[in-house]
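Single-structure report; data block below.
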Amino acid sequence: MVTIIDPHIKRDDNYKIHKEATSNGYYVKNKDGQDYDGWCWPGSSGWLDFTNPEIRKYWASKFALDEYEGSTESLFTWNDMNEPSVFNGPEVTMHKDAKHFLDWEHRDVHNVYGLYQQMSTAQGQIQRSTKNERPFVLSRAFFSGSQRWGAVWTGDNTGEWAHLKISMPMLLSLNLVGITFSGADVGGFFKNPDAELLTRWYQAGAYQPFLRAHAHLDTRRREPWLQPEENMKAIREAIRARYSLLPYWYTLFYVGEIRGGPIMKPLWVDFPADKATFTDEDSYMIGSALLVHPVTDAGSSGVNVYFPGKTVWYDVDTYTVYPGGMTHYIPVTLNKIPVFQKGGTIIPRKNRIRRASNLGRFDPYTLVICLDPQGSAEGDLYIDDYHTFRYRQGEYIYRKFTFENKKLKNRNIDYKGTYKTTSWLEQVVIVGLQNKPTHVEVTGSSSERKSLDHSYIPETKVLVIRRPGVNIGEDWTISLQ
């Protein structure tokens with residue numbers, strides 16, 4: 001569960017936090033040195049001075065299980081209104097001459113105020129679990145370094161097609177400057193999107209780093225199950241597609257943590273020599289394997305997609321092949337999301353349908369291998385316990401998959417990590433294989449060979465290998481003959 005905790009504190013002498021903040025001098029001051037008083041959701045409010053390290057420690061301490069009444073280690077936080085928002089302030093924020101720690105005026109520290117609140121909130125969640133469990137803190141305000149502490153979103157948008165369209169360059173810009181765990185309110189915060197717009201927004205959000213729906217209290221109810229059946233099914237399939245790709249997303253976030261690169265990228269990041277990508281804001285890459293072109297126009301029956309590079313691209317639904325360096329018209333129906341896997345890549349997926357991602361942590365994997373024109377591909381997979389910091393002590397698996405000369409190999413690429421998993425390989429899908437093999441076998445870590453059941457679809461040149469049964473965290477080789 002995620003609950004909102006804003007930076008403004010209700011001025012109420014019966015409220016413990018207000019009494020402590022007042023007695024300890026923890027509030028931001030006005031220019032005359034008195035506690036700053038502004039108006040926000042509770043009415044008359046004060047604002048804790050998060051620029052002060054002592055106050056950040058105080059705030060973090062309030063997330064202890066014996067301080068935060070009714071809380072548990074699975075209760076997480078959304079820091080809203082933390083620009084800070086002041087309803088009766090100039091430009092709906094704090095007066096520029098308000099005084100902070102060491103007499104800094106608000107005009108000087110405005111941009112870091114929300115960062116410091118998110119930081120201290122995350123530190124509080126970490127401390128409550130004796131520094132073992134990872135935090136989750138969503139923040140509306142952010143600054144350089146916010147990516148260290150949690151997720152952000154693009155703020156109060158509107159349920160209009162134009163706002164769906166503009167969310168993509170906004171998120172691409174955030175990813176380029178390091179704010180990778182970011183998203184936009186699906187459906188728009190204000191107004192009432194029709195069923196088509198809501199569907200298209202879920203489809204776009206399913207292929208962006210942070211996905212959530214959020215709306216103003218006065219908007220109409222818009223849960224997916226309240227939509228017409230056709231729209232409901234399309235939204236459900238988009239969400240299922242996202243869940244199936246969680247192993248890929250998780251690996252991207254791990255690589256992003258250790259290398260600092262973007263997760264959602266403009267095409268030119270991966271194809272800097274291709275000038276046609278420089279102005280393309282309608283498509284983007286997720287990692288280096290998936291190209292996504294969300295539908296952002298009402299009543300659209302098709303989109304023009306530019307495929308960069310000298311490789312080939314495969315529609316993830318039909319496995320239709322598109323050569324790079326060209327624009328192709330892609331017909332779309334309501335349930336179609338134009339997503340394409342780059343030739344030469346391997347994506348790990350989990351295809352079991354679960355009610356929560358936690359329930360599928362030990363589920364088997366499917367590897368989708370899309371071959372480049374040379375018949376090769378590679379990819380990677382990162383696994384840990386998904387919730388603690390023990391990965392920083394080496395409790396993780398980082399594997400690399402390669403397909404070359406008709407052999408799929410799984411090898412360890414980081415020997416600093418040691419972790420055991422029971423997850424196994426359920427299926428391999430090889431796309432772009434020119435000829436049907438006569439025999440497929442797997443050789444595991446014990447060097448024992450086992451023949452594998454398989455089928456080949458000549459129309460799409462797809463080979464499906466069923467139940468290799470090998471552990472995803474061990475060395476093995478699947479050979480085609």
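Just remember, in the structure tokens the first chain shown is A, the second B, etc., residues are 1-based per chain, and ligands are 1-based in the order shown.
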Residues within 12 Å of segment 35-45 of chain A, only C-alpha atoms, excluding chain neighbours under 6 positions, as number ranges by chain: A: 5-13, 15, 17-18, 21-29, 80-82, 84-90, 92-100, 106
Can you list every residue in segment 15-224 of chain A that DSSP puts in alpha helix (DSSP H), as number ranges by chain? A: 16-24, 53-61, 106-128, 161-176, 195-205
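Across the model, the gap from atom CA of Trp313 of chain A to atom CA of Ser376 of chain A is 13.5 Å.
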I need the strand (DSSP E) residues of segment 41-226 of chain A per DSSP on the backbone, written as a list in words.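 Taking segment 41-226 of chain A and keeping strand (DSSP E) gives Gly43, Ser44, Ser45, Gly46, Trp47, Phe76, Thr77, Trp78, Asn79, Val137, Leu138, Ser139, Ala151, Val152, Trp153, Ser182, Gly183, Asp185, Val186, Arg212 and Ala213 of chain A.
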For the selection just defined, write its residues with N, CA and C atoms to a file, as a CSV table (one decimal), in the first residue's frame.
```csv
chain,number,residue,atom,x,y,z
A,43,GLY,N,-5.8,23.3,5.8
A,43,GLY,CA,-6.1,24.7,6.2
A,43,GLY,C,-4.7,25.3,6.6
A,44,SER,N,-4.7,26.0,7.7
A,44,SER,CA,-3.5,26.7,8.2
A,44,SER,C,-2.4,25.7,8.5
A,45,SER,N,-1.3,25.9,7.9
A,45,SER,CA,-0.2,24.9,7.9
A,45,SER,C,1.2,25.5,8.1
A,46,GLY,N,2.1,24.6,8.6
A,46,GLY,CA,3.5,24.9,8.6
A,46,GLY,C,4.2,23.9,7.8
A,47,TRP,N,5.5,24.3,7.4
A,47,TRP,CA,6.3,23.4,6.6
A,47,TRP,C,7.6,23.1,7.3
A,76,PHE,N,4.2,2.0,2.0
A,76,PHE,CA,5.1,2.9,1.4
A,76,PHE,C,4.5,4.3,1.2
A,77,THR,N,5.2,5.2,0.6
A,77,THR,CA,4.9,6.6,0.7
A,77,THR,C,4.9,7.3,-0.6
A,78,TRP,N,4.0,8.3,-0.7
A,78,TRP,CA,3.9,9.2,-1.9
A,78,TRP,C,4.0,10.6,-1.3
A,79,ASN,N,5.1,11.3,-1.6
A,79,ASN,CA,5.2,12.7,-1.2
A,79,ASN,C,4.7,13.6,-2.2
A,137,VAL,N,9.3,5.5,-2.5
A,137,VAL,CA,8.8,6.8,-2.3
A,137,VAL,C,8.6,7.5,-3.6
A,138,LEU,N,7.3,7.9,-3.9
A,138,LEU,CA,7.0,8.6,-5.1
A,138,LEU,C,6.9,10.1,-4.7
A,139,SER,N,7.5,10.9,-5.6
A,139,SER,CA,7.6,12.4,-5.3
A,139,SER,C,7.1,13.2,-6.5
A,151,ALA,N,10.7,7.2,-7.1
A,151,ALA,CA,10.1,7.5,-8.4
A,151,ALA,C,9.5,8.9,-8.4
A,152,VAL,N,9.3,9.4,-9.7
A,152,VAL,CA,8.6,10.7,-9.8
A,152,VAL,C,7.6,10.6,-10.9
A,153,TRP,N,6.7,11.5,-11.0
A,153,TRP,CA,5.8,11.6,-12.2
A,153,TRP,C,5.7,13.0,-12.6
A,182,SER,N,10.2,7.1,-13.8
A,182,SER,CA,9.3,8.2,-14.0
A,182,SER,C,8.2,7.8,-14.9
A,183,GLY,N,7.0,8.5,-14.8
A,183,GLY,CA,5.8,8.2,-15.5
A,183,GLY,C,4.9,9.3,-15.5
A,185,ASP,N,0.5,10.4,-15.2
A,185,ASP,CA,-0.8,9.9,-14.7
A,185,ASP,C,-1.6,9.3,-15.9
A,186,VAL,N,-1.8,8.0,-15.9
A,186,VAL,CA,-2.6,7.4,-17.0
A,186,VAL,C,-4.0,7.9,-17.0
A,212,ARG,N,1.1,4.1,-13.5
A,212,ARG,CA,0.0,4.2,-12.5
A,212,ARG,C,-1.1,5.1,-13.1
A,213,ALA,N,-2.3,4.8,-12.7
A,213,ALA,CA,-3.5,5.6,-13.0
A,213,ALA,C,-3.8,6.5,-11.8
```
Against segment 215-235 of chain A, which residues of segment 289-385 of chain A fall within 9 Å? For each one I want the closest pair of atoms and the distance in Å (one decimal), counting only C-alpha atoms, rows by chain and increasing residue number, as JSON lines.
```
{"residue": "A:Leu334", "atom": "CA", "partner": "A:Ala234", "partner_atom": "CA", "distance": 6.9}
{"residue": "A:Asn335", "atom": "CA", "partner": "A:Ala234", "partner_atom": "CA", "distance": 4.7}
{"residue": "A:Lys336", "atom": "CA", "partner": "A:Ala234", "partner_atom": "CA", "distance": 8.0}
```
Next, dump the selected residues to file, keeping only all heavy atoms, as a PDB file, in the first residue's frame.
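Writing done, so here's again_29.pdb:
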```pdb
ATOM      1  N   LEU A 334      -7.931  -1.399 -31.867  1.00  0.00           N
ATOM      2  CA  LEU A 334      -7.971  -0.879 -30.505  1.00  0.00           C
ATOM      3  C   LEU A 334      -7.023  -1.638 -29.586  1.00  0.00           C
ATOM      4  O   LEU A 334      -6.430  -1.052 -28.678  1.00  0.00           O
ATOM      5  CB  LEU A 334      -9.400  -0.947 -29.951  1.00  0.00           C
ATOM      6  CG  LEU A 334      -9.576  -0.361 -28.547  1.00  0.00           C
ATOM      7  CD1 LEU A 334      -9.297   1.139 -28.540  1.00  0.00           C
ATOM      8  CD2 LEU A 334     -10.981  -0.648 -28.028  1.00  0.00           C
ATOM      9  N   ASN A 335      -6.857  -2.920 -29.800  1.00  0.00           N
ATOM     10  CA  ASN A 335      -6.016  -3.697 -28.889  1.00  0.00           C
ATOM     11  C   ASN A 335      -4.577  -3.833 -29.379  1.00  0.00           C
ATOM     12  O   ASN A 335      -3.797  -4.591 -28.792  1.00  0.00           O
ATOM     13  CB  ASN A 335      -6.608  -5.095 -28.665  1.00  0.00           C
ATOM     14  CG  ASN A 335      -6.650  -5.920 -29.939  1.00  0.00           C
ATOM     15  OD1 ASN A 335      -6.375  -5.417 -31.017  1.00  0.00           O
ATOM     16  ND2 ASN A 335      -6.989  -7.194 -29.802  1.00  0.00           N
ATOM     17  N   LYS A 336      -4.194  -3.096 -30.417  1.00  0.00           N
ATOM     18  CA  LYS A 336      -2.838  -3.194 -30.957  1.00  0.00           C
ATOM     19  C   LYS A 336      -1.942  -2.091 -30.403  1.00  0.00           C
ATOM     20  O   LYS A 336      -2.249  -0.903 -30.512  1.00  0.00           O
ATOM     21  CB  LYS A 336      -2.862  -3.121 -32.483  1.00  0.00           C
ATOM     22  CG  LYS A 336      -1.483  -3.118 -33.142  1.00  0.00           C
ATOM     23  CD  LYS A 336      -0.716  -4.395 -32.837  1.00  0.00           C
ATOM     24  CE  LYS A 336       0.632  -4.404 -33.518  1.00  0.00           C
ATOM     25  NZ  LYS A 336       1.426  -5.607 -33.132  1.00  0.00           N
TER      26      LYS A 336
END
```
Exercise: Asp282 of chain A partners within 10 Å, only C-alpha atoms, chain neighbours under 3 positions left out, as an MDAnalysis selection string: chainID A and resid 165:166 168:169 266:267 279 292:296 303:306
If we count only C-alpha atoms, what is near Leu164 of chain A at a cut-off of 10 Å, once residues fewer than 6 positions away on the same chain are taken out, given as a ChimeraX atom specification? /A:157-158,184-188,197-198,200-201,204-205,294-297
Sort by chain and increasing residue number a table of all residues of segment 213-331 of chain A within 12 Å of segment 358-372 of chain A, each with its closest pair of atoms and their distance in Å to one decimal, counting only C-alpha atoms, and write it as JSON lines.
```
{"residue": "A:Tyr243", "atom": "CA", "partner": "A:Gly360", "partner_atom": "CA", "distance": 9.6}
{"residue": "A:Ser244", "atom": "CA", "partner": "A:Thr366", "partner_atom": "CA", "distance": 9.4}
{"residue": "A:Leu245", "atom": "CA", "partner": "A:Thr366", "partner_atom": "CA", "distance": 10.1}
{"residue": "A:Leu246", "atom": "CA", "partner": "A:Arg361", "partner_atom": "CA", "distance": 10.0}
{"residue": "A:Pro247", "atom": "CA", "partner": "A:Tyr365", "partner_atom": "CA", "distance": 8.7}
{"residue": "A:Tyr248", "atom": "CA", "partner": "A:Leu367", "partner_atom": "CA", "distance": 10.4}
{"residue": "A:Tyr250", "atom": "CA", "partner": "A:Arg361", "partner_atom": "CA", "distance": 11.6}
{"residue": "A:Ala289", "atom": "CA", "partner": "A:Cys370", "partner_atom": "CA", "distance": 9.4}
{"residue": "A:Leu290", "atom": "CA", "partner": "A:Cys370", "partner_atom": "CA", "distance": 10.9}
{"residue": "A:Gly309", "atom": "CA", "partner": "A:Asp372", "partner_atom": "CA", "distance": 11.4}
{"residue": "A:Lys310", "atom": "CA", "partner": "A:Asp372", "partner_atom": "CA", "distance": 9.5}
{"residue": "A:Thr311", "atom": "CA", "partner": "A:Asp372", "partner_atom": "CA", "distance": 6.2}
{"residue": "A:Val312", "atom": "CA", "partner": "A:Asp372", "partner_atom": "CA", "distance": 6.3}
{"residue": "A:Trp313", "atom": "CA", "partner": "A:Cys370", "partner_atom": "CA", "distance": 8.2}
{"residue": "A:Tyr314", "atom": "CA", "partner": "A:Cys370", "partner_atom": "CA", "distance": 7.3}
{"residue": "A:Asp315", "atom": "CA", "partner": "A:Cys370", "partner_atom": "CA", "distance": 10.1}
{"residue": "A:Val316", "atom": "CA", "partner": "A:Val368", "partner_atom": "CA", "distance": 9.4}
{"residue": "A:Asp317", "atom": "CA", "partner": "A:Val368", "partner_atom": "CA", "distance": 11.7}
{"residue": "A:Tyr319", "atom": "CA", "partner": "A:Cys370", "partner_atom": "CA", "distance": 9.0}
{"residue": "A:Thr320", "atom": "CA", "partner": "A:Cys370", "partner_atom": "CA", "distance": 11.2}
{"residue": "A:Val321", "atom": "CA", "partner": "A:Cys370", "partner_atom": "CA", "distance": 10.1}
{"residue": "A:Tyr322", "atom": "CA", "partner": "A:Asp372", "partner_atom": "CA", "distance": 11.5}
{"residue": "A:Pro323", "atom": "CA", "partner": "A:Asp372", "partner_atom": "CA", "distance": 10.4}
{"residue": "A:Gly324", "atom": "CA", "partner": "A:Asp372", "partner_atom": "CA", "distance": 10.9}
```
Got a sec: who's within 7 Å of segment 398-409 of chain A, counting only C-alpha atoms, leaving out chain neighbours fewer than 4 positions off, as a count of residues only? 16
Could you tell me how far atom CA of Arg140 of chain A lies from atom CA of Gly155 of chain A, in Å and to one decimal? 6.2 Å
Which one of A:Met285, A:Leu425, A:Ala298, A:Ile55 sits closest to Asp194 of chain A if you count only C-alpha atoms? A:Ala298
